[in-house]
>>> print(open('input-v6.csv').read())   # CSV, C-alpha atoms
chain,number,residue,atom,x,y,z
W,1,MET,CA,125.9,-240.1,-34.0
W,2,SER,CA,124.7,-238.2,-37.1
W,3,VAL,CA,121.4,-236.4,-37.0
W,4,PHE,CA,120.2,-238.8,-39.7
W,5,ASN,CA,120.8,-241.8,-37.4
W,6,GLU,CA,119.6,-240.0,-34.3
W,7,VAL,CA,116.2,-239.4,-36.0
W,8,LEU,CA,116.0,-243.0,-37.2
W,9,GLU,CA,116.9,-244.3,-33.7
W,10,ALA,CA,114.3,-242.0,-32.0
W,11,ASN,CA,111.7,-243.2,-34.6
W,12,HIS,CA,112.5,-246.8,-33.8
W,13,GLY,CA,111.6,-246.1,-30.2
W,14,TYR,CA,108.4,-244.4,-31.2
W,15,VAL,CA,107.3,-247.4,-33.3
W,16,GLN,CA,107.9,-249.7,-30.4
W,17,GLY,CA,105.3,-247.8,-28.3
W,18,PHE,CA,102.9,-246.9,-31.1
W,19,GLY,CA,100.1,-249.1,-29.8
W,20,ASP,CA,96.6,-248.4,-31.0
W,21,LYS,CA,97.5,-245.1,-32.7
W,22,SER,CA,97.3,-247.2,-35.9
W,23,ARG,CA,93.5,-246.8,-35.6
W,24,LEU,CA,93.4,-243.0,-35.8
W,25,ALA,CA,91.2,-241.6,-38.5
W,26,MET,CA,92.3,-238.9,-41.0
W,27,PRO,CA,90.0,-236.1,-39.9
W,28,PRO,CA,91.2,-234.3,-36.8
W,29,ALA,CA,89.3,-235.7,-33.8
W,30,ARG,CA,89.0,-232.4,-32.0
W,31,ARG,CA,88.2,-230.5,-35.2
W,32,PHE,CA,90.6,-227.6,-35.0
W,33,ALA,CA,93.8,-226.3,-36.7
W,34,ILE,CA,96.7,-224.3,-35.5
W,35,LEU,CA,98.8,-222.1,-37.7
W,36,THR,CA,102.1,-221.2,-36.0
W,37,CYS,CA,105.8,-220.6,-36.5
W,38,MET,CA,108.5,-223.2,-37.4
W,39,ASP,CA,110.6,-221.9,-34.5
W,40,ALA,CA,112.4,-224.8,-32.8
W,41,ARG,CA,111.4,-223.6,-29.3
W,42,LEU,CA,107.7,-224.1,-30.1
W,43,ASP,CA,106.1,-227.5,-29.7
W,44,PRO,CA,102.4,-227.0,-30.4
W,45,ALA,CA,101.4,-230.5,-29.3
W,46,LYS,CA,102.9,-229.7,-25.9
W,47,PHE,CA,101.9,-226.1,-25.4
W,48,ALA,CA,98.4,-226.6,-26.7
W,49,GLY,CA,97.8,-230.1,-25.3
W,50,LEU,CA,97.5,-232.2,-28.5
W,51,LYS,CA,97.6,-235.9,-28.8
W,52,GLU,CA,98.2,-237.6,-32.2
W,53,GLY,CA,95.0,-237.4,-34.2
W,54,ASP,CA,93.6,-234.3,-32.5
W,55,ALA,CA,94.3,-231.3,-34.7
W,56,HIS,CA,96.0,-230.0,-37.9
W,57,VAL,CA,99.2,-228.1,-37.3
W,58,ILE,CA,100.5,-225.8,-40.1
W,59,ARG,CA,103.9,-224.2,-39.6
W,60,ASN,CA,106.0,-221.8,-41.6
W,61,ALA,CA,108.5,-219.0,-40.9
W,62,GLY,CA,106.6,-216.6,-38.7
W,63,GLY,CA,103.3,-218.6,-38.6
W,64,ARG,CA,102.1,-216.2,-41.4
W,65,ALA,CA,98.9,-216.4,-43.3
W,66,SER,CA,100.7,-217.0,-46.6
W,67,ASP,CA,98.9,-218.3,-49.7
W,68,ASP,CA,100.2,-221.7,-48.8
W,69,ALA,CA,98.9,-221.6,-45.2
W,70,ILE,CA,95.5,-220.6,-46.6
W,71,ARG,CA,95.7,-223.5,-49.1
W,72,SER,CA,96.2,-225.8,-46.1
W,73,LEU,CA,93.5,-224.2,-43.9
W,74,VAL,CA,90.9,-224.5,-46.7
W,75,ILE,CA,91.8,-228.2,-47.2
W,76,SER,CA,91.6,-228.5,-43.4
W,77,TYR,CA,87.9,-227.4,-43.2
W,78,LYS,CA,86.6,-228.2,-46.6
W,79,LEU,CA,87.8,-231.8,-46.8
W,80,LEU,CA,88.6,-232.7,-43.2
W,81,GLY,CA,86.1,-230.8,-41.1
W,82,THR,CA,88.0,-228.5,-38.8
W,83,LYS,CA,85.7,-225.9,-37.2
W,84,GLU,CA,88.0,-223.3,-35.5
W,85,TRP,CA,91.5,-222.1,-36.1
W,86,PHE,CA,94.3,-220.6,-34.0
W,87,VAL,CA,96.9,-218.2,-35.4
W,88,ILE,CA,99.9,-218.2,-33.0
W,89,HIS,CA,102.9,-215.9,-33.5
W,90,HIS,CA,105.6,-215.7,-30.8
W,91,THR,CA,108.0,-213.4,-28.9
W,92,ASN,CA,111.6,-213.2,-30.0
W,93,CYS,CA,110.7,-214.4,-33.5
W,94,GLY,CA,113.5,-214.4,-36.0
W,95,MET,CA,111.1,-212.7,-38.5
W,96,GLU,CA,111.5,-209.4,-36.4
W,97,PHE,CA,115.2,-209.2,-37.1
W,98,PHE,CA,115.3,-208.4,-40.8
W,99,ASN,CA,113.2,-207.1,-43.7
W,100,ASN,CA,112.9,-207.9,-47.4
W,101,GLU,CA,115.7,-205.5,-48.3
W,102,VAL,CA,118.1,-207.0,-45.7
W,103,MET,CA,117.3,-210.5,-46.8
W,104,SER,CA,117.7,-210.0,-50.5
W,105,SER,CA,120.9,-208.1,-50.0
W,106,MET,CA,122.4,-210.8,-47.8
W,107,LEU,CA,121.4,-213.6,-50.2
W,108,SER,CA,122.9,-211.6,-53.1
W,109,SER,CA,126.2,-211.4,-51.2
W,110,SER,CA,126.3,-215.1,-50.1
W,111,LEU,CA,124.1,-218.2,-49.5
W,112,GLU,CA,126.1,-219.0,-46.4
W,113,THR,CA,124.5,-218.7,-42.9
W,114,ALA,CA,124.6,-215.1,-41.6
W,115,GLU,CA,125.7,-214.2,-38.0
W,116,LEU,CA,123.1,-213.1,-35.5
W,117,SER,CA,124.2,-210.1,-33.3
W,118,ALA,CA,122.4,-207.7,-31.1
W,119,ASP,CA,122.0,-205.4,-34.1
W,120,GLY,CA,120.3,-208.1,-36.2
W,121,PHE,CA,121.6,-210.5,-38.8
W,122,ARG,CA,125.0,-209.7,-40.5
W,123,ASP,CA,126.2,-211.4,-43.6
W,124,VAL,CA,129.5,-213.3,-43.5
W,125,GLY,CA,130.0,-212.4,-47.1
W,126,ARG,CA,131.4,-215.7,-48.4
W,127,GLY,CA,129.9,-216.2,-51.8
W,128,PRO,CA,128.4,-217.4,-54.1
W,129,GLY,CA,125.1,-215.5,-53.7
W,130,SER,CA,121.9,-215.2,-55.7
W,131,THR,CA,119.7,-212.3,-56.6
W,132,GLU,CA,116.6,-214.6,-56.5
W,133,GLY,CA,115.8,-213.4,-53.0
W,134,LYS,CA,114.5,-210.0,-54.1
W,135,TYR,CA,111.6,-211.7,-55.9
W,136,ILE,CA,110.3,-213.3,-52.6
W,137,ASN,CA,108.2,-211.6,-50.0
W,138,TRP,CA,109.8,-212.9,-46.8
W,139,LEU,CA,106.7,-211.9,-44.7
W,140,THR,CA,108.7,-210.4,-41.9
W,141,ILE,CA,107.2,-209.0,-38.7
W,142,THR,CA,107.6,-205.6,-37.0
W,143,ASP,CA,105.1,-206.1,-34.1
W,144,GLN,CA,103.6,-209.4,-33.1
W,145,ALA,CA,100.2,-208.1,-32.1
W,146,VAL,CA,100.0,-206.3,-35.5
W,147,SER,CA,101.1,-209.4,-37.5
W,148,VAL,CA,98.5,-211.5,-35.7
W,149,VAL,CA,95.7,-209.1,-36.5
W,150,GLU,CA,96.9,-208.8,-40.1
W,151,ASP,CA,96.9,-212.6,-40.5
W,152,VAL,CA,93.6,-213.2,-38.9
W,153,THR,CA,92.1,-210.5,-41.0
W,154,ARG,CA,93.5,-212.0,-44.2
W,155,ILE,CA,92.2,-215.4,-43.3
W,156,LYS,CA,88.7,-214.2,-42.3
W,157,SER,CA,88.4,-212.1,-45.5
W,158,HIS,CA,89.5,-214.9,-47.9
W,159,PRO,CA,86.7,-215.8,-50.3
W,160,LEU,CA,87.3,-219.6,-49.7
W,161,VAL,CA,86.9,-219.2,-45.9
W,162,PRO,CA,83.3,-219.4,-44.6
W,163,SER,CA,82.5,-216.4,-42.4
W,164,TRP,CA,81.4,-218.5,-39.5
W,165,ILE,CA,84.8,-220.1,-38.7
W,166,PRO,CA,86.2,-218.5,-35.5
W,167,VAL,CA,89.9,-217.6,-35.9
W,168,TYR,CA,91.6,-216.9,-32.6
W,169,GLY,CA,94.8,-214.8,-32.4
W,170,PHE,CA,97.6,-215.5,-29.9
W,171,ILE,CA,101.2,-214.7,-29.0
W,172,TYR,CA,103.3,-217.5,-27.5
W,173,ASP,CA,105.8,-216.3,-25.0
W,174,VAL,CA,109.1,-218.2,-25.4
W,175,LYS,CA,110.2,-217.1,-21.9
W,176,SER,CA,107.2,-218.7,-20.1
W,177,GLY,CA,105.6,-221.1,-22.6
W,178,GLY,CA,102.3,-219.2,-22.1
W,179,LEU,CA,99.7,-218.2,-24.8
W,180,VAL,CA,98.5,-214.6,-24.6
W,181,GLU,CA,95.4,-213.8,-26.6
W,182,VAL,CA,95.4,-210.8,-29.0
W,183,PRO,CA,92.0,-209.4,-28.3
W,184,ASP,CA,91.7,-207.4,-31.5
W,185,ALA,CA,92.4,-210.5,-33.6
W,186,SER,CA,90.1,-212.8,-31.7
W,187,LYS,CA,87.3,-210.2,-32.0
W,188,ILE,CA,87.6,-210.5,-35.8
W,189,GLY,CA,87.5,-214.3,-35.3
W,190,ARG,CA,84.4,-214.3,-33.1
W,191,ALA,CA,82.2,-211.9,-35.0
W,192,PRO,CA,80.8,-213.8,-37.9
W,193,LYS,CA,80.3,-211.6,-41.0
W,194,GLY,CA,76.9,-213.2,-41.5
H,1,MET,CA,84.5,-227.5,-22.3
H,2,SER,CA,85.1,-225.6,-25.6
H,3,VAL,CA,88.3,-226.3,-27.6
H,4,PHE,CA,89.3,-222.7,-26.9
H,5,ASN,CA,89.2,-223.3,-23.1
H,6,GLU,CA,90.8,-226.7,-23.4
H,7,VAL,CA,93.8,-225.3,-25.2
H,8,LEU,CA,94.2,-222.6,-22.6
H,9,GLU,CA,93.9,-225.1,-19.8
H,10,ALA,CA,96.5,-227.4,-21.4
H,11,ASN,CA,98.7,-224.4,-21.9
H,12,HIS,CA,98.4,-223.4,-18.2
H,13,GLY,CA,99.7,-226.8,-17.3
H,14,TYR,CA,102.6,-226.5,-19.8
H,15,VAL,CA,103.6,-223.1,-18.3
H,16,GLN,CA,103.7,-224.7,-14.8
H,17,GLY,CA,106.3,-227.2,-15.9
H,18,PHE,CA,108.2,-224.9,-18.3
H,19,GLY,CA,111.4,-224.8,-16.2
H,20,ASP,CA,114.6,-223.8,-17.9
H,21,LYS,CA,113.2,-223.9,-21.4
H,22,SER,CA,113.1,-220.1,-21.1
H,23,ARG,CA,116.9,-220.2,-21.8
H,24,LEU,CA,116.6,-221.8,-25.2
H,25,ALA,CA,118.3,-219.9,-28.0
H,26,MET,CA,116.6,-219.0,-31.3
H,27,PRO,CA,118.8,-221.1,-33.6
H,28,PRO,CA,117.9,-224.8,-33.6
H,29,ALA,CA,120.4,-226.6,-31.3
H,30,ARG,CA,120.6,-229.7,-33.5
H,31,ARG,CA,120.8,-227.7,-36.7
H,32,PHE,CA,118.2,-229.4,-38.9
H,33,ALA,CA,114.7,-228.8,-40.3
H,34,ILE,CA,111.8,-231.1,-41.0
H,35,LEU,CA,109.2,-230.4,-43.7
H,36,THR,CA,106.1,-232.5,-43.3
H,37,CYS,CA,102.3,-232.7,-43.5
H,38,MET,CA,99.8,-230.9,-41.2
H,39,ASP,CA,98.0,-234.2,-40.8
H,40,ALA,CA,96.7,-234.5,-37.2
H,41,ARG,CA,98.1,-238.1,-36.8
H,42,LEU,CA,101.7,-236.8,-37.2
H,43,ASP,CA,103.6,-235.5,-34.2
H,44,PRO,CA,107.1,-234.8,-35.6
H,45,ALA,CA,108.5,-234.1,-32.2
H,46,LYS,CA,107.5,-237.5,-31.1
H,47,PHE,CA,108.2,-239.5,-34.2
H,48,ALA,CA,111.6,-237.9,-34.8
H,49,GLY,CA,112.6,-237.4,-31.2
H,50,LEU,CA,112.7,-233.6,-30.9
H,51,LYS,CA,112.9,-231.6,-27.7
H,52,GLU,CA,112.0,-227.9,-27.6
H,53,GLY,CA,114.8,-226.0,-29.2
H,54,ASP,CA,116.1,-228.8,-31.4
H,55,ALA,CA,114.9,-228.3,-34.9
H,56,HIS,CA,112.7,-226.2,-37.2
H,57,VAL,CA,109.4,-227.9,-38.2
H,58,ILE,CA,107.6,-226.7,-41.3
H,59,ARG,CA,104.1,-228.2,-42.0
H,60,ASN,CA,101.5,-227.7,-44.7
H,61,ALA,CA,98.9,-229.8,-46.5
H,62,GLY,CA,100.9,-232.7,-47.9
H,63,GLY,CA,104.3,-231.6,-46.6
H,64,ARG,CA,104.9,-230.1,-50.1
H,65,ALA,CA,107.9,-228.0,-51.2
H,66,SER,CA,105.6,-225.0,-51.9
H,67,ASP,CA,107.1,-221.6,-52.5
H,68,ASP,CA,106.2,-220.8,-48.8
H,69,ALA,CA,108.0,-224.0,-47.6
H,70,ILE,CA,111.1,-222.9,-49.6
H,71,ARG,CA,110.8,-219.4,-48.0
H,72,SER,CA,110.9,-221.0,-44.6
H,73,LEU,CA,113.7,-223.4,-45.5
H,74,VAL,CA,115.9,-220.6,-46.8
H,75,ILE,CA,115.3,-218.6,-43.6
H,76,SER,CA,116.1,-221.7,-41.7
H,77,TYR,CA,119.6,-222.1,-43.1
H,78,LYS,CA,120.5,-218.6,-44.2
H,79,LEU,CA,119.6,-216.9,-40.9
H,80,LEU,CA,119.4,-219.7,-38.3
H,81,GLY,CA,122.0,-222.2,-39.5
H,82,THR,CA,120.3,-225.5,-40.1
H,83,LYS,CA,122.6,-227.8,-42.1
H,84,GLU,CA,120.3,-230.7,-43.2
H,85,TRP,CA,116.7,-231.1,-44.0
H,86,PHE,CA,114.1,-233.9,-44.0
H,87,VAL,CA,111.1,-234.0,-46.4
H,88,ILE,CA,108.5,-236.4,-44.9
H,89,HIS,CA,105.2,-237.3,-46.7
H,90,HIS,CA,103.0,-240.0,-45.3
H,91,THR,CA,100.7,-242.9,-46.1
H,92,ASN,CA,96.9,-242.4,-46.3
H,93,CYS,CA,97.4,-238.6,-46.9
H,94,GLY,CA,94.3,-236.6,-47.7
H,95,MET,CA,96.1,-235.1,-50.6
H,96,GLU,CA,95.8,-238.4,-52.5
H,97,PHE,CA,92.0,-238.3,-52.5
H,98,PHE,CA,91.4,-235.4,-54.8
H,99,ASN,CA,92.9,-233.3,-57.5
H,100,ASN,CA,92.7,-229.6,-58.6
H,101,GLU,CA,89.6,-230.2,-60.7
H,102,VAL,CA,87.7,-232.0,-57.9
H,103,MET,CA,88.6,-229.3,-55.3
H,104,SER,CA,87.7,-226.3,-57.5
H,105,SER,CA,84.4,-228.0,-58.5
H,106,MET,CA,83.5,-228.8,-54.8
H,107,LEU,CA,84.4,-225.3,-53.7
H,108,SER,CA,82.3,-223.8,-56.5
H,109,SER,CA,79.3,-225.7,-55.3
H,110,SER,CA,79.7,-225.1,-51.5
H,111,LEU,CA,82.2,-224.0,-48.9
H,112,GLU,CA,80.8,-226.5,-46.4
H,113,THR,CA,82.8,-229.6,-45.4
H,114,ALA,CA,82.6,-232.4,-47.9
H,115,GLU,CA,82.0,-236.1,-47.0
H,116,LEU,CA,84.8,-238.6,-47.2
H,117,SER,CA,83.7,-242.0,-48.6
H,118,ALA,CA,85.6,-244.9,-50.1
H,119,ASP,CA,85.4,-243.2,-53.5
H,120,GLY,CA,87.0,-240.0,-52.3
H,121,PHE,CA,85.5,-236.7,-51.1
H,122,ARG,CA,81.9,-235.9,-52.1
H,123,ASP,CA,80.4,-232.5,-51.9
H,124,VAL,CA,77.4,-231.9,-49.7
H,125,GLY,CA,76.2,-229.2,-52.0
H,126,ARG,CA,75.0,-226.7,-49.5
H,127,GLY,CA,76.0,-223.3,-50.8
H,128,PRO,CA,77.3,-220.6,-51.0
H,129,GLY,CA,80.4,-221.6,-52.9
H,130,SER,CA,83.3,-219.7,-54.6
H,131,THR,CA,85.1,-220.0,-57.9
H,132,GLU,CA,88.3,-218.8,-56.3
H,133,GLY,CA,89.5,-222.4,-55.8
H,134,LYS,CA,90.3,-222.8,-59.5
H,135,TYR,CA,93.1,-220.2,-59.2
H,136,ILE,CA,94.9,-222.3,-56.6
H,137,ASN,CA,97.3,-225.2,-57.2
H,138,TRP,CA,96.3,-227.6,-54.4
H,139,LEU,CA,99.6,-229.6,-54.7
H,140,THR,CA,97.8,-233.0,-54.5
H,141,ILE,CA,99.7,-236.3,-54.4
H,142,THR,CA,99.2,-239.4,-56.6
H,143,ASP,CA,102.1,-241.5,-55.3
H,144,GLN,CA,104.0,-240.6,-52.1
H,145,ALA,CA,107.4,-241.9,-53.4
H,146,VAL,CA,107.0,-239.7,-56.5
H,147,SER,CA,105.9,-236.6,-54.5
H,148,VAL,CA,108.9,-237.0,-52.2
H,149,VAL,CA,111.3,-237.2,-55.1
H,150,GLU,CA,109.6,-234.2,-56.8
H,151,ASP,CA,109.9,-232.1,-53.7
H,152,VAL,CA,113.4,-233.0,-52.8
H,153,THR,CA,114.4,-232.3,-56.4
H,154,ARG,CA,112.6,-228.9,-56.3
H,155,ILE,CA,114.4,-227.9,-53.1
H,156,LYS,CA,117.8,-229.1,-54.3
H,157,SER,CA,117.5,-227.2,-57.5
H,158,HIS,CA,116.3,-223.9,-56.0
H,159,PRO,CA,118.8,-221.0,-56.7
H,160,LEU,CA,118.6,-219.9,-53.0
H,161,VAL,CA,119.5,-223.4,-51.7
H,162,PRO,CA,123.2,-224.2,-51.4
H,163,SER,CA,124.1,-227.4,-53.2
H,164,TRP,CA,125.8,-228.9,-50.1
H,165,ILE,CA,122.7,-229.1,-47.9
H,166,PRO,CA,121.6,-232.8,-47.7
H,167,VAL,CA,117.9,-233.2,-48.1
H,168,TYR,CA,116.6,-236.6,-47.1
H,169,GLY,CA,113.3,-238.0,-48.3
H,170,PHE,CA,111.0,-240.2,-46.2
H,171,ILE,CA,107.5,-241.6,-46.0
H,172,TYR,CA,105.9,-241.8,-42.5
H,173,ASP,CA,103.6,-244.9,-42.1
H,174,VAL,CA,100.5,-243.9,-40.2
H,175,LYS,CA,99.8,-247.5,-39.3
H,176,SER,CA,103.2,-248.1,-37.6
H,177,GLY,CA,104.6,-244.7,-36.8
H,178,GLY,CA,107.7,-245.7,-38.8
H,179,LEU,CA,109.8,-243.6,-41.1
H,180,VAL,CA,110.8,-245.3,-44.4
H,181,GLU,CA,113.4,-243.7,-46.5
H,182,VAL,CA,112.8,-243.0,-50.2
H,183,PRO,CA,116.2,-243.9,-51.6
H,184,ASP,CA,115.8,-242.0,-54.9
H,185,ALA,CA,115.1,-238.8,-53.0
H,186,SER,CA,117.9,-239.2,-50.5
H,187,LYS,CA,120.4,-239.9,-53.3
H,188,ILE,CA,119.5,-236.4,-54.7
H,189,GLY,CA,120.0,-235.1,-51.2
H,190,ARG,CA,123.4,-236.7,-50.7
H,191,ALA,CA,125.0,-235.9,-54.0
H,192,PRO,CA,126.1,-232.2,-53.9
H,193,LYS,CA,126.0,-230.5,-57.2
H,194,GLY,CA,129.4,-229.0,-56.5
>>> encode(input="input-v6.csv", output="structure tokens")
Amino acid sequence: MSVFNEVLEANHGYVQGFGDKSRLAMPPARRFAILTCMDARLDPAKFAGLKEGDAHVIRNAGGRASDDAIRSLVISYKLLGTKEWFVIHHTNCGMEFFNNEVMSSMLSSSLETAELSADGFRDVGRGPGSTEGKYINWLTITDQAVSVVEDVTRIKSHPLVPSWIPVYGFIYDVKSGGLVEVPDASKIGRAPKG
Amino acid sequence: MSVFNEVLEANHGYVQGFGDKSRLAMPPARRFAILTCMDARLDPAKFAGLKEGDAHVIRNAGGRASDDAIRSLVISYKLLGTKEWFVIHHTNCGMEFFNNEVMSSMLSSSLETAELSADGFRDVGRGPGSTEGKYINWLTITDQAVSVVEDVTRIKSHPLVPSWIPVYGFIYDVKSGGLVEVPDASKIGRAPKG
């Protein structure tokens, strides 16, 4: 069966058991938001114990505090009342295996999917490519603890983020499913600026 | 119990039952990606039938094809081999209840959470505020079918997106849990440019 039909079939089953979830309200019931990576191995509802209606979940490549993630977080508290936020990066993240130069060079050579080897991503070199990639900051990661601190710091210092919102920093371990706090990040999150 | 401790307790339970998920690979096993809204009522893993390891999930306010969502989608196919993408907006989305002018005006008046009434969001007017909001495009939505078509069109015409990737457009109904295809969007997705 095609992915398209598999998704629709799974959705049909979900609708059958939907029950009283039709009564859920728009504002998150447990008043928090999670910013994490799009990685397929991560299921924030499962690893953080969320039911439908509980919390906002924002995901992008790396779980980075991009301008767009901040747009979403500001909407999350200003309009929908979340009161604390979790920034969760993870081990073995794809964002550790390249940098801006590697990505723009690979995209210039070909748009086709690269190969992943022990040395990182390697282009297959079947064109056409595009030079557009060099105008994008890919927000890659060198060290997860550093990237979590950077992102919590960026969020906490944004002029549209009230100083009193706690922002916790975590690393999710893809080998155990466990969340490990990044103490330096959560200290930023727990010390209101005033 | 605090949200912080609830999340850690739920995570502890997840770790106990983690099993052989430690062996999952980085590239999504079912080779597709979903772009959808951060809304708390949406659980893409449940409504689309995803297990850990299956698919990339990108989420922001509205499920919009922002620059950051496109950054994530390009990484998803160029480095991690996804082959088809779903753009899923939803009924009763918060993004329909304001526009750029309303948001920048409310943020100028106060950073505190606004009230949601039948007429839309209303500011509580307790300062301090910030004028920074007027420099952000909040990517609000007037009509879901239109926003889905816009976003699929933007993705399909991006120079870093190969023409052969199908991009399907859907609206998720928060009252039923059902996915309803937006035919105009999926036509764009299914007709490769060559």
>>> residues_around(input="input-v6.csv", residues="Ser76 (chain H)", least_positions_apart="4", cutoff="8 Å", atoms="all atoms listed in the file", output="PDB file with C-alpha atoms, in the frame of the given file")
ATOM      1  CA  ALA H  33     114.700-228.800 -40.300  1.00  0.00           C
ATOM      2  CA  HIS H  56     112.700-226.200 -37.200  1.00  0.00           C
ATOM      3  CA  SER H  72     110.900-221.000 -44.600  1.00  0.00           C
ATOM      4  CA  LEU H  80     119.400-219.700 -38.300  1.00  0.00           C
ATOM      5  CA  GLY H  81     122.000-222.200 -39.500  1.00  0.00           C
ATOM      6  CA  THR H  82     120.300-225.500 -40.100  1.00  0.00           C
TER       7      THR H  82
END
>>> closest_atom_pairs(input="input-v6.csv", of="chain H", to="chain W", cutoff="7 Å", atoms="only C-alpha atoms", output="Markdown table")
| residue | atom | partner | partner_atom | distance |
| --- | --- | --- | --- | --- |
| H:Val7 | CA | W:Ala48 | CA | 5.0 |
| H:Ala10 | CA | W:Gly49 | CA | 4.9 |
| H:Asn11 | CA | W:Phe47 | CA | 5.0 |
| H:His12 | CA | W:Gly178 | CA | 6.9 |
| H:Tyr14 | CA | W:Phe47 | CA | 5.7 |
| H:Val15 | CA | W:Gly177 | CA | 5.1 |
| H:Phe18 | CA | W:Gly177 | CA | 6.3 |
| H:Ser22 | CA | W:Lys175 | CA | 4.2 |
| H:Leu24 | CA | W:Arg41 | CA | 6.9 |
| H:Pro28 | CA | W:Ala40 | CA | 5.6 |
| H:Met38 | CA | W:Val57 | CA | 4.8 |
| H:Asp39 | CA | W:His56 | CA | 5.5 |
| H:Ala40 | CA | W:Gly53 | CA | 4.5 |
| H:Arg41 | CA | W:Gly53 | CA | 4.1 |
| H:Leu42 | CA | W:Glu52 | CA | 6.2 |
| H:Asp43 | CA | W:Glu52 | CA | 6.1 |
| H:Lys46 | CA | W:Tyr14 | CA | 7.0 |
| H:Phe47 | CA | W:Asn11 | CA | 5.1 |
| H:Ala48 | CA | W:Val7 | CA | 5.0 |
| H:Gly49 | CA | W:Ala10 | CA | 5.0 |
| H:Glu52 | CA | W:Arg41 | CA | 4.7 |
| H:Gly53 | CA | W:Arg41 | CA | 4.2 |
| H:Asp54 | CA | W:Ala40 | CA | 5.6 |
| H:Ala55 | CA | W:Ala40 | CA | 4.8 |
| H:His56 | CA | W:Ala40 | CA | 4.6 |
| H:Val57 | CA | W:Met38 | CA | 4.9 |
| H:Ile58 | CA | W:Arg59 | CA | 4.8 |
| H:Arg59 | CA | W:Arg59 | CA | 4.7 |
| H:Asn60 | CA | W:Ile58 | CA | 5.1 |
| H:Ala61 | CA | W:Ser72 | CA | 4.8 |
| H:Asp68 | CA | W:Asp68 | CA | 6.1 |
| H:Ala69 | CA | W:Asn60 | CA | 6.7 |
| H:Arg71 | CA | W:Trp138 | CA | 6.7 |
| H:Ser72 | CA | W:Ala61 | CA | 4.8 |
| H:Tyr77 | CA | W:Thr113 | CA | 6.0 |
| H:Lys78 | CA | W:Thr113 | CA | 4.2 |
| H:Leu79 | CA | W:Ala114 | CA | 5.4 |
| H:Leu80 | CA | W:Thr113 | CA | 6.9 |
| H:Gly81 | CA | W:Thr113 | CA | 5.5 |
| H:Leu111 | CA | W:Pro162 | CA | 6.4 |
| H:Glu112 | CA | W:Lys78 | CA | 6.0 |
| H:Thr113 | CA | W:Lys78 | CA | 4.2 |
| H:Ala114 | CA | W:Leu79 | CA | 5.3 |
| H:Phe121 | CA | W:Leu79 | CA | 6.9 |
| H:Ser130 | CA | W:Leu160 | CA | 6.3 |
| H:Glu132 | CA | W:Leu160 | CA | 6.7 |
| H:Trp138 | CA | W:Arg71 | CA | 6.7 |
| H:Pro159 | CA | W:Ser130 | CA | 6.7 |
| H:Leu160 | CA | W:Ser130 | CA | 6.3 |
| H:Pro162 | CA | W:Leu111 | CA | 6.4 |
| H:Val174 | CA | W:Ser22 | CA | 6.3 |
| H:Lys175 | CA | W:Ser22 | CA | 4.2 |
| H:Ser176 | CA | W:Val15 | CA | 6.0 |
| H:Gly177 | CA | W:Val15 | CA | 5.2 |
| H:Gly178 | CA | W:Val15 | CA | 5.8 |
| H:Leu179 | CA | W:Asn11 | CA | 6.8 |
>>> atom_distance(input="input-v6.csv", atom1="CA of Ala65 (chain W)", atom2="CA of Lys134 (chain H)")
19.4 Å
>>> residues_around(input="input-v6.csv", residues="Gln144 (chain H)", least_positions_apart="5", cutoff="9 Å", atoms="only C-alpha atoms", output="number ranges by chain")
H: 89-91, 93, 96, 149, 171
>>> atom_distance(input="input-v6.csv", atom1="CA of Thr153 (chain W)", atom2="CA of Tyr172 (chain W)")
18.9 Å
